[in-house]
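The file input.txt contains compact mmCIF, C-alpha atoms:
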# COMPACT_ATOMS: atom_id res chain seq x y z
CA MET A 1 -0.46 11.09 -46.31
CA SER A 2 -2.09 14.36 -47.29
CA ASP A 3 -2.18 17.38 -44.98
CA ILE A 4 -5.96 17.04 -44.71
CA ALA A 5 -5.69 13.41 -43.54
CA VAL A 6 -3.05 14.36 -40.96
CA LYS A 7 -5.24 17.12 -39.58
CA LYS A 8 -8.19 14.73 -39.28
CA LEU A 9 -6.04 12.17 -37.48
CA ASN A 10 -4.71 14.77 -35.07
CA SER A 11 -8.24 15.94 -34.31
CA ILE A 12 -9.24 12.40 -33.31
CA LEU A 13 -6.25 11.27 -31.27
CA PRO A 14 -6.33 13.93 -28.50
CA SER A 15 -9.94 13.14 -27.62
CA GLU A 16 -9.08 9.46 -27.41
CA ARG A 17 -6.08 10.20 -25.22
CA ARG A 18 -8.25 12.20 -22.85
CA ASN A 19 -10.52 9.28 -22.18
CA SER A 20 -10.00 7.63 -18.82
CA CYS A 21 -11.22 4.18 -17.98
CA ILE A 22 -11.81 2.19 -14.85
CA LYS A 23 -11.59 -1.56 -14.87
CA LYS A 24 -11.39 -4.18 -12.17
CA GLY A 25 -8.45 -3.36 -9.91
CA THR A 26 -7.11 -0.56 -12.12
CA MET A 27 -7.83 3.00 -13.05
CA LYS A 28 -6.33 5.04 -15.86
CA VAL A 29 -5.39 8.45 -14.49
CA MET A 30 -4.44 11.55 -16.45
CA LEU A 31 -1.23 13.35 -15.51
CA ASP A 32 -0.37 16.95 -16.27
CA PRO A 33 1.98 17.61 -19.18
CA PRO A 34 5.71 17.74 -18.33
CA ASN A 35 6.92 21.03 -16.91
CA ASP A 36 10.35 22.46 -16.13
CA GLU A 37 10.72 20.16 -13.14
CA ASN A 38 9.76 16.90 -14.77
CA LEU A 39 10.69 17.56 -18.37
CA HIS A 40 13.10 14.65 -18.54
CA THR A 41 11.39 12.35 -16.04
CA ILE A 42 7.82 11.54 -16.90
CA GLN A 43 6.41 9.46 -14.08
CA SER A 44 4.92 6.09 -14.80
CA VAL A 45 3.47 3.74 -12.27
CA SER A 46 4.44 0.10 -12.13
CA ARG A 47 3.97 -2.72 -9.69
CA SER A 48 7.22 -3.22 -7.83
CA ASN A 49 7.75 -5.28 -4.67
CA GLY A 50 4.00 -5.54 -4.28
CA SER A 51 3.54 -1.75 -4.30
CA ILE A 52 2.94 1.05 -6.75
CA ALA A 53 6.38 2.40 -7.58
CA SER A 54 7.55 5.39 -9.58
CA LYS A 55 10.15 5.06 -12.26
CA VAL A 56 11.70 7.04 -15.11
CA SER A 57 10.11 6.00 -18.36
CA CYS A 58 11.88 8.28 -20.77
CA GLY A 59 15.28 9.03 -19.28
CA GLY A 60 18.36 9.66 -21.32
CA LEU A 61 16.64 12.05 -23.69
CA SER A 62 18.80 14.64 -25.41
CA GLY A 63 18.13 17.61 -27.59
CA HIS A 64 14.88 19.57 -27.70
CA PHE A 65 11.88 17.98 -25.95
CA GLU A 66 8.40 19.32 -26.64
CA ALA A 67 5.69 18.73 -24.03
CA PRO A 68 2.65 16.99 -25.49
CA ALA A 69 -0.49 19.04 -25.80
CA ASP A 70 -2.53 16.48 -23.88
CA PRO A 71 -2.06 14.86 -20.47
CA ILE A 72 -0.31 11.52 -20.28
CA ALA A 73 -2.41 8.51 -19.31
CA GLN A 74 -1.33 6.57 -16.25
CA GLU A 75 -2.70 3.29 -14.99
CA ILE A 76 -3.11 2.98 -11.23
CA GLU A 77 -3.50 -0.52 -9.86
CA TYR A 78 -5.36 -0.97 -6.59
CA ILE A 79 -3.65 -3.92 -4.97
CA PRO A 80 -5.68 -6.13 -2.57
CA SER A 81 -4.12 -6.53 0.87
CA GLU A 82 -3.59 -10.24 0.35
CA ASP A 83 -1.47 -9.54 -2.74
CA LEU A 84 0.93 -7.13 -1.04
CA THR A 85 4.47 -8.33 -0.31
CA PRO A 86 7.07 -7.21 2.26
CA ILE A 87 9.19 -4.14 1.61
CA GLY A 88 12.81 -4.91 0.76
CA ASP A 89 14.48 -2.18 2.83
CA VAL A 90 12.19 -1.44 5.79
CA GLU A 91 14.59 0.92 7.57
CA LYS A 92 15.10 3.09 4.50
CA SER A 93 11.37 3.25 3.83
CA LEU A 94 10.63 4.31 7.41
CA LEU A 95 13.23 7.07 7.34
CA THR A 96 11.49 8.88 4.49
CA LEU A 97 7.91 7.70 5.00
CA LEU A 98 6.46 10.81 6.67
CA HIS A 99 8.18 13.13 4.21
CA ARG A 100 6.81 11.16 1.26
CA LEU A 101 3.30 11.00 2.71
CA ASP A 102 3.35 14.80 2.99
CA SER A 103 4.74 15.36 -0.50
CA LYS A 104 3.07 17.72 -2.98
CA GLU A 105 3.56 15.12 -5.70
CA TRP A 106 0.53 12.84 -5.64
CA LEU A 107 2.36 9.87 -7.15
CA THR A 108 4.92 10.09 -4.34
CA VAL A 109 2.10 10.07 -1.79
CA LEU A 110 0.48 7.15 -3.61
CA GLU A 111 3.67 5.12 -3.39
CA ALA A 112 4.10 6.02 0.29
CA LEU A 113 0.52 4.95 1.08
CA ASN A 114 1.19 1.52 -0.35
CA HIS A 115 4.38 1.33 1.70
CA VAL A 116 2.27 2.09 4.80
CA ARG A 117 0.01 -0.80 3.83
CA GLN A 118 2.96 -3.15 3.44
CA LEU A 119 4.51 -2.03 6.73
CA SER A 120 1.23 -2.41 8.65
CA ILE A 121 0.86 -5.97 7.40
CA PHE A 122 4.45 -7.21 7.63
CA ASN A 123 6.28 -4.79 9.96
CA ALA A 124 3.57 -3.32 12.21
CA SER A 125 5.76 -3.12 15.32
CA GLU A 126 8.41 -1.10 13.51
CA MET A 127 5.94 1.66 12.59
CA VAL A 128 4.47 2.16 16.08
CA ASP A 129 6.71 5.13 16.97
CA ILE A 130 5.40 7.20 14.06
CA LEU A 131 1.90 5.70 13.93
CA ASN A 132 -0.01 8.83 14.99
CA ALA A 133 1.79 10.97 12.41
CA VAL A 134 1.18 8.34 9.74
CA VAL A 135 -2.54 8.19 10.54
CA SER A 136 -2.83 11.99 10.33
CA LEU A 137 -1.23 12.02 6.88
CA VAL A 138 -3.39 9.12 5.68
CA ILE A 139 -6.48 11.08 6.74
CA LYS A 140 -5.09 14.08 4.85
CA ALA A 141 -4.76 11.93 1.72
CA MET A 142 -8.36 10.71 2.14
CA LYS A 143 -9.47 14.33 1.85
CA ASN A 144 -7.65 14.76 -1.46
CA PRO A 145 -10.05 15.42 -4.35
CA ARG A 146 -8.08 13.06 -6.60
CA SER A 147 -10.10 9.83 -6.53
CA ALA A 148 -7.13 7.48 -7.04
CA LEU A 149 -5.34 8.97 -4.04
CA CYS A 150 -8.48 9.02 -1.90
CA LYS A 151 -9.30 5.36 -2.61
CA THR A 152 -5.74 4.22 -1.90
CA ALA A 153 -5.80 6.16 1.38
CA ILE A 154 -9.04 4.39 2.35
CA MET A 155 -7.46 1.02 1.57
CA THR A 156 -4.51 2.10 3.71
CA SER A 157 -6.81 3.01 6.60
CA ALA A 158 -8.38 -0.45 6.44
CA ASP A 159 -4.98 -2.15 6.67
CA LEU A 160 -4.02 0.14 9.57
CA LEU A 161 -7.27 -0.59 11.44
CA LYS A 162 -6.77 -4.31 11.00
CA ALA A 163 -3.14 -4.19 12.13
CA TYR A 164 -3.45 -1.82 15.11
CA SER A 165 -7.16 -2.16 16.05
CA ASP A 166 -7.76 -0.56 19.47
CA GLN A 167 -4.52 1.45 19.27
CA LEU A 168 -6.26 3.68 16.72
CA LEU A 169 -9.33 4.46 18.85
CA GLU A 170 -7.90 7.77 20.04
CA THR A 171 -7.29 8.84 16.44
CA PHE A 172 -10.77 7.78 15.29
CA ASP A 173 -11.96 10.09 12.54
CA PRO A 174 -15.51 10.19 11.11
CA LEU A 175 -14.06 10.65 7.61
CA LEU A 176 -14.66 6.99 6.73
CA LEU A 177 -18.35 7.47 7.55
CA LEU A 178 -18.45 10.52 5.30
CA LYS A 179 -16.61 8.80 2.45
CA ALA A 180 -18.93 5.78 2.70
CA SER A 181 -21.86 8.18 2.32
CA GLN A 182 -20.79 10.05 -0.80
CA ASP A 183 -21.93 9.65 -4.40
CA LYS A 184 -18.70 8.44 -5.99
CA LYS A 185 -19.43 4.73 -6.06
CA PHE A 186 -15.97 3.15 -6.18
CA VAL A 187 -14.75 5.37 -3.30
CA CYS A 188 -17.96 4.75 -1.34
CA GLU A 189 -17.68 0.96 -1.69
CA GLU A 190 -14.07 0.98 -0.49
CA ALA A 191 -14.97 3.11 2.53
CA GLU A 192 -17.84 0.75 3.36
CA ARG A 193 -15.48 -2.23 3.36
CA ALA A 194 -13.12 -0.40 5.70
CA LEU A 195 -15.97 0.67 8.00
CA PHE A 196 -17.58 -2.73 8.29
CA GLY A 197 -14.17 -4.33 8.72
CA MET A 198 -13.52 -1.93 11.57
CA THR A 199 -16.47 -3.39 13.49
CA THR A 200 -14.70 -6.77 13.52
CA TRP A 201 -11.18 -5.47 14.26
CA ILE A 202 -11.88 -3.04 17.11
CA THR A 203 -13.30 -3.98 20.51
CA PRO A 204 -17.04 -3.23 20.28
CA ASN A 205 -17.57 -1.46 23.61
CA PRO A 206 -15.18 1.50 23.05
CA LEU A 207 -16.04 1.61 19.35
CA LEU A 208 -19.73 2.07 20.16
CA GLN A 209 -18.86 5.11 22.24
CA LYS A 210 -17.15 6.63 19.19
CA LEU A 211 -20.05 5.77 16.87
CA GLU A 212 -22.91 6.97 19.09
CA PRO A 213 -22.88 10.67 18.05
CA TYR A 214 -23.16 9.77 14.35
CA VAL A 215 -26.37 7.78 14.73
CA THR A 216 -28.14 11.14 14.97
CA HIS A 217 -26.00 12.90 12.33
CA ARG A 218 -27.83 15.41 10.13
CA ASN A 219 -26.73 13.57 6.98
CA PRO A 220 -29.10 10.57 6.56
CA ARG A 221 -26.44 8.51 4.74
CA VAL A 222 -23.98 9.02 7.60
CA ARG A 223 -26.70 8.02 10.06
CA ALA A 224 -27.38 4.87 8.07
CA LYS A 225 -23.72 3.80 7.93
CA ALA A 226 -23.32 4.54 11.64
CA ALA A 227 -26.46 2.53 12.44
CA ILE A 228 -25.12 -0.48 10.53
CA CYS A 229 -21.78 -0.26 12.34
CA VAL A 230 -23.56 -0.01 15.70
CA SER A 231 -25.69 -3.06 14.91
CA LYS A 232 -22.63 -5.07 13.85
CA SER A 233 -20.69 -4.03 16.95
CA VAL A 234 -23.54 -4.86 19.35
CA SER A 235 -23.85 -8.31 17.80
CA ARG A 236 -20.27 -8.96 18.99
CA LEU A 237 -20.94 -7.81 22.55
CA GLY A 238 -22.96 -10.80 23.71
CA VAL A 239 -25.29 -10.63 26.70
CA HIS A 240 -22.53 -9.81 29.20
CA GLY A 241 -21.22 -7.05 26.94
CA ILE A 242 -24.67 -5.54 26.42
CA LYS A 243 -25.22 -5.57 30.18
CA ASP A 244 -21.85 -3.89 30.79
CA TYR A 245 -22.44 -1.23 28.15
CA GLY A 246 -26.00 -0.62 29.28
CA LEU A 247 -29.21 -1.94 27.77
CA GLU A 248 -30.99 1.39 28.10
CA PRO A 249 -28.64 3.56 25.96
CA LEU A 250 -28.52 0.86 23.28
CA ILE A 251 -32.32 0.66 23.08
CA GLN A 252 -32.41 4.45 22.81
CA LEU A 253 -29.92 4.25 19.93
CA ALA A 254 -32.15 1.73 18.16
CA ALA A 255 -35.26 3.82 18.80
CA ALA A 256 -33.61 6.80 17.12
CA GLN A 257 -33.30 4.83 13.88
CA VAL A 258 -36.39 2.64 13.58
CA ASN A 259 -38.30 5.34 11.68
CA ASP A 260 -35.35 6.80 9.77
CA GLN A 261 -35.90 7.93 6.18
CA LEU A 262 -33.37 5.47 4.74
CA PRO A 263 -34.27 1.75 4.56
CA GLU A 264 -30.75 0.58 5.44
CA ALA A 265 -30.85 2.60 8.69
CA ARG A 266 -34.27 1.17 9.59
CA GLU A 267 -33.11 -2.38 8.86
CA ALA A 268 -30.00 -1.93 11.00
CA ALA A 269 -32.20 -0.61 13.82
CA ARG A 270 -34.52 -3.64 13.53
CA LYS A 271 -31.58 -6.04 13.80
CA LEU A 272 -30.35 -4.13 16.83
CA VAL A 273 -33.78 -4.30 18.49
CA PHE A 274 -33.87 -8.10 18.04
CA GLU A 275 -30.37 -8.38 19.51
CA LEU A 276 -31.31 -6.28 22.54
CA HIS A 277 -34.64 -8.02 23.04
CA GLY A 278 -32.86 -11.37 23.07
CA ALA A 279 -30.36 -10.07 25.63
CA TYR A 280 -33.16 -8.69 27.80
CA LYS A 281 -34.82 -12.11 27.91
CA GLN A 282 -31.57 -13.65 29.20
CA ILE A 283 -31.19 -11.20 32.08
CA THR A 284 -33.33 -12.39 34.98
CA PRO A 285 -35.06 -9.72 37.06
CA SER A 286 -33.80 -11.28 40.32
CA ASN A 287 -30.02 -11.16 39.88
CA GLU A 288 -29.53 -9.44 36.47
CA GLU A 289 -27.19 -12.22 35.44
CA PRO A 290 -27.45 -13.64 31.91
CA ASP A 291 -29.17 -16.99 31.84
CA VAL A 292 -30.10 -18.72 28.61
CA ASN A 293 -32.70 -20.79 30.50
CA ALA A 294 -34.23 -17.83 32.35
CA THR A 295 -37.80 -18.54 33.45
CA LEU A 296 -38.54 -15.24 35.22
CA TYR A 297 -38.90 -13.28 32.00
CA GLN A 298 -42.39 -11.99 31.39
CA PRO A 299 -43.46 -10.58 28.00
CA ASP A 300 -45.20 -7.59 29.59
CA GLY A 301 -41.95 -6.80 31.42
CA TRP A 302 -40.35 -5.86 28.09
CA GLU A 303 -43.27 -3.59 27.27
CA GLN A 304 -43.05 -1.90 30.67
CA TYR A 305 -39.28 -1.53 30.35
CA CYS A 306 -39.50 0.15 26.93
CA ALA A 307 -42.31 2.42 28.14
CA SER A 308 -40.20 3.47 31.13
CA ILE A 309 -37.15 4.59 29.12
CA LEU A 310 -38.63 5.78 25.80
CA ALA A 311 -41.16 8.29 24.59
CA PRO A 312 -44.54 6.65 23.83
CA THR A 313 -44.11 6.79 20.04
CA ALA A 314 -40.57 5.36 20.23
CA ALA A 315 -41.65 2.61 22.64
CA HIS A 316 -44.53 1.69 20.31
CA ALA A 317 -42.13 1.44 17.35
CA ILE A 318 -39.79 -0.88 19.29
CA LEU A 319 -42.62 -3.08 20.52
CA ARG A 320 -44.14 -3.32 17.06
CA ILE A 321 -40.84 -4.78 15.78
CA THR A 322 -40.57 -7.41 18.52
CA CYS A 323 -44.27 -8.32 18.27
CA ASN A 324 -43.87 -8.94 14.54
CA GLY A 325 -40.60 -10.77 15.00
CA SER A 326 -41.80 -13.84 13.17
CA SER A 327 -41.96 -11.91 9.90
CA ILE A 328 -38.69 -10.00 10.26
CA SER A 329 -35.44 -11.87 10.59
CA PRO A 330 -32.63 -10.32 12.68
CA SER A 331 -29.95 -12.05 10.64

Please, can you express the file's structure as structure tokens?
Amino acid sequence: MSDIAVKKLNSILPSERRNSCIKKGTMKVMLDPPNDENLHTIQSVSRSNGSIASKVSCGGLSGHFEAPADPIAQEIEYIPSEDLTPIGDVEKSLLTLLHRLDSKEWLTVLEALNHVRQLSIFNASEMVDILNAVVSLVIKAMKNPRSALCKTAIMTSADLLKAYSDQLLETFDPLLLLKASQDKKFVCEEAERALFGMTTWITPNPLLQKLEPYVTHRNPRVRAKAAICVSKSVSRLGVHGIKDYGLEPLIQLAAAQVNDQLPEAREAARKLVFELHGAYKQITPSNEEPDVNATLYQPDGWEQYCASILAPTAAHAILRITCNGSSISPS
């Protein structure tokens, strides 16, 4: 092959090697070239025991080794929770888990995050003693600018929320709301799944108390995600739960969103209004006990109630929704 042909080939290959691609369940990630520390151990990621594991892919090299001019492509596989398998040596994994989660090597953190996922699914009770520390380090990983690490941390948070539910209320962090509101689509979608899953895994009453401040957040996307979570949580309360939490603060939450700039926030508020209106009709004025066959409910009572707890414009917005209920479905 002539020198000219070789030069042309070399000019093409680096650009091809720089290309990264995302496909269903996987993402090709670019690693830095080998340095003095990893000269003889280039990390590659493989699926091992249901997790992403690190292994030596070019060990046993001898003689002079020249670092490639371009990064090395790595494929990261995002494993669904249902496809994860138990860890072989649980005790050994737990001993080093916190250290690995706090590592400066992102592949080490990535592997540790998947171990957290496996432990939360198959060995949840054995991780309780270090749970708070684990959660803090998972949140730290979610803040990492590397998308592969951030997404895996979000998947880890979902598995933790499902496994420990109310135990994680005290460590609730709004980061999921922020991640679900960002522009990077594949991170945003993963955060949404975790958020909406949270509304089914955590008891609605205490979760609503955590979500309340974010319904009026300055970021409209955060407000919208919070409004959807509030609506989903209230739908699980039932009439008794709504009564215990307080009808008035919930109506005020809905009123804050009915005229929001984002359609998804307004739709969530409408669903919430229908839910609260239905609960109001089942609480009789005489004894305030829920009664599906209540006959003491009067339509003008709802109007008077809204007018008594809301500003006139907010009360009008709420009443307009319930008056037009036949054209807007709460489901």

Give the answer as one residue: which of A:His240, A:Arg223, A:His316, A:Arg117 has the shortest atom-to-atom distance to Ala255 of chain A, using only C-alpha atoms?
A:His316

Return as AutoDock Vina command-line options the box centre and box size in Å, one decimal, for an axis-aligned box around all listed atoms of segment 84-94 of chain A padded by 3 Å per side.
--center_x 8.0 --center_y -2.0 --center_z 3.3 --size_x 20.2 --size_y 18.6 --size_z 14.6

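Every protein or nucleic acid residue with an atom no more than 6 Å from segment 167-179 of chain A, counting only C-alpha atoms and leaving out same-chain residues fewer than 3 positions away, appears here: Tyr164, Gln182, Cys188, Ala191 and Val222 of chain A.
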
Near segment 201-206 of chain A, within 7 Å and counting all atoms listed in the file, which residues show up once chain neighbours fewer than 2 positions away are dropped, as a list of chain:residue names?
A:Leu161, A:Lys162, A:Ser165, A:Asp166, A:Gly197, A:Met198, A:Thr199, A:Leu208, A:Gln209, A:Lys210, A:Ser233, A:Val234, A:Arg236, A:Leu237, A:Tyr245

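Picture a line from atom CA of Ile228 of chain A to atom CA of Arg146 of chain A; it runs 27.7 Å.
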
Residues at most 10 Å from segment 91-97 of chain A, counting all atoms listed in the file, excluding those fewer than 6 positions away in the same chain, as an MDAnalysis selection string?
chainID A and resid 103 109 111:113 115:116 119 126:127 130 134

Export of the given selection (C-alpha atoms) as a CSV table (one decimal), in the frame of the given file:
chain,number,residue,atom,x,y,z
A,103,SER,CA,4.7,15.4,-0.5
A,109,VAL,CA,2.1,10.1,-1.8
A,111,GLU,CA,3.7,5.1,-3.4
A,112,ALA,CA,4.1,6.0,0.3
A,113,LEU,CA,0.5,5.0,1.1
A,115,HIS,CA,4.4,1.3,1.7
A,116,VAL,CA,2.3,2.1,4.8
A,119,LEU,CA,4.5,-2.0,6.7
A,126,GLU,CA,8.4,-1.1,13.5
A,127,MET,CA,5.9,1.7,12.6
A,130,ILE,CA,5.4,7.2,14.1
A,134,VAL,CA,1.2,8.3,9.7

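Atom CA of Leu262 of chain A is positioned 27.2 Å from atom CA of Tyr305 of chain A.
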
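Taking all atoms listed in the file into account, the protein, DNA and RNA residues within 7 Å of (-1.2, -4.1, 0.6) read Ile79, Pro80, Ser81, Glu82, Asp83, Leu84, Asn114, Arg117 and Gln118 of chain A.
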
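One distance worth recording is that between atom CA of Ile154 of chain A and atom CA of Ala256 of chain A, which is 28.8 Å.
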
Might you pull out every residue within 8 Å of Ala279 of chain A, with all atoms listed in the file counted and same-chain residues fewer than 3 positions away left off, and present them as an MDAnalysis selection string?
chainID A and resid 238:239 242 275:276 282:283 290

Using all atoms listed in the file, what table do you get, as a Markdown table, when you list each residue of segment 131-223 of chain A with an atom no more than 9 Å from segment 246-253 of chain A, its nearest pair of atoms, and their distance in Å rounded to one decimal, rows by chain then rising number?
| residue | atom | partner | partner_atom | distance |
| --- | --- | --- | --- | --- |
| A:Glu212 | CA | A:Leu253 | CA | 7.6 |
| A:Val215 | CA | A:Leu253 | CA | 7.2 |
| A:Thr216 | CA | A:Leu253 | CA | 8.7 |

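Candidate residues A:Pro220, A:Pro312, A:Pro86, A:Gly278 were compared for distance to Glu264 of chain A, and the nearest is A:Pro220, using only C-alpha atoms.
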
Which residues, written as a PDB file with C-alpha atoms, in the coordinates of the input, have at least one atom at most 8 Å from Lys225 of chain A, with only C-alpha atoms counted and residues fewer than 5 positions away on the same chain left out?
ATOM      1  CA  LEU A 177     -18.350   7.470   7.550  1.00  0.00           C
ATOM      2  CA  ALA A 180     -18.930   5.780   2.700  1.00  0.00           C
ATOM      3  CA  SER A 181     -21.860   8.180   2.320  1.00  0.00           C
ATOM      4  CA  ALA A 265     -30.850   2.600   8.690  1.00  0.00           C
TER       5      ALA A 265
END
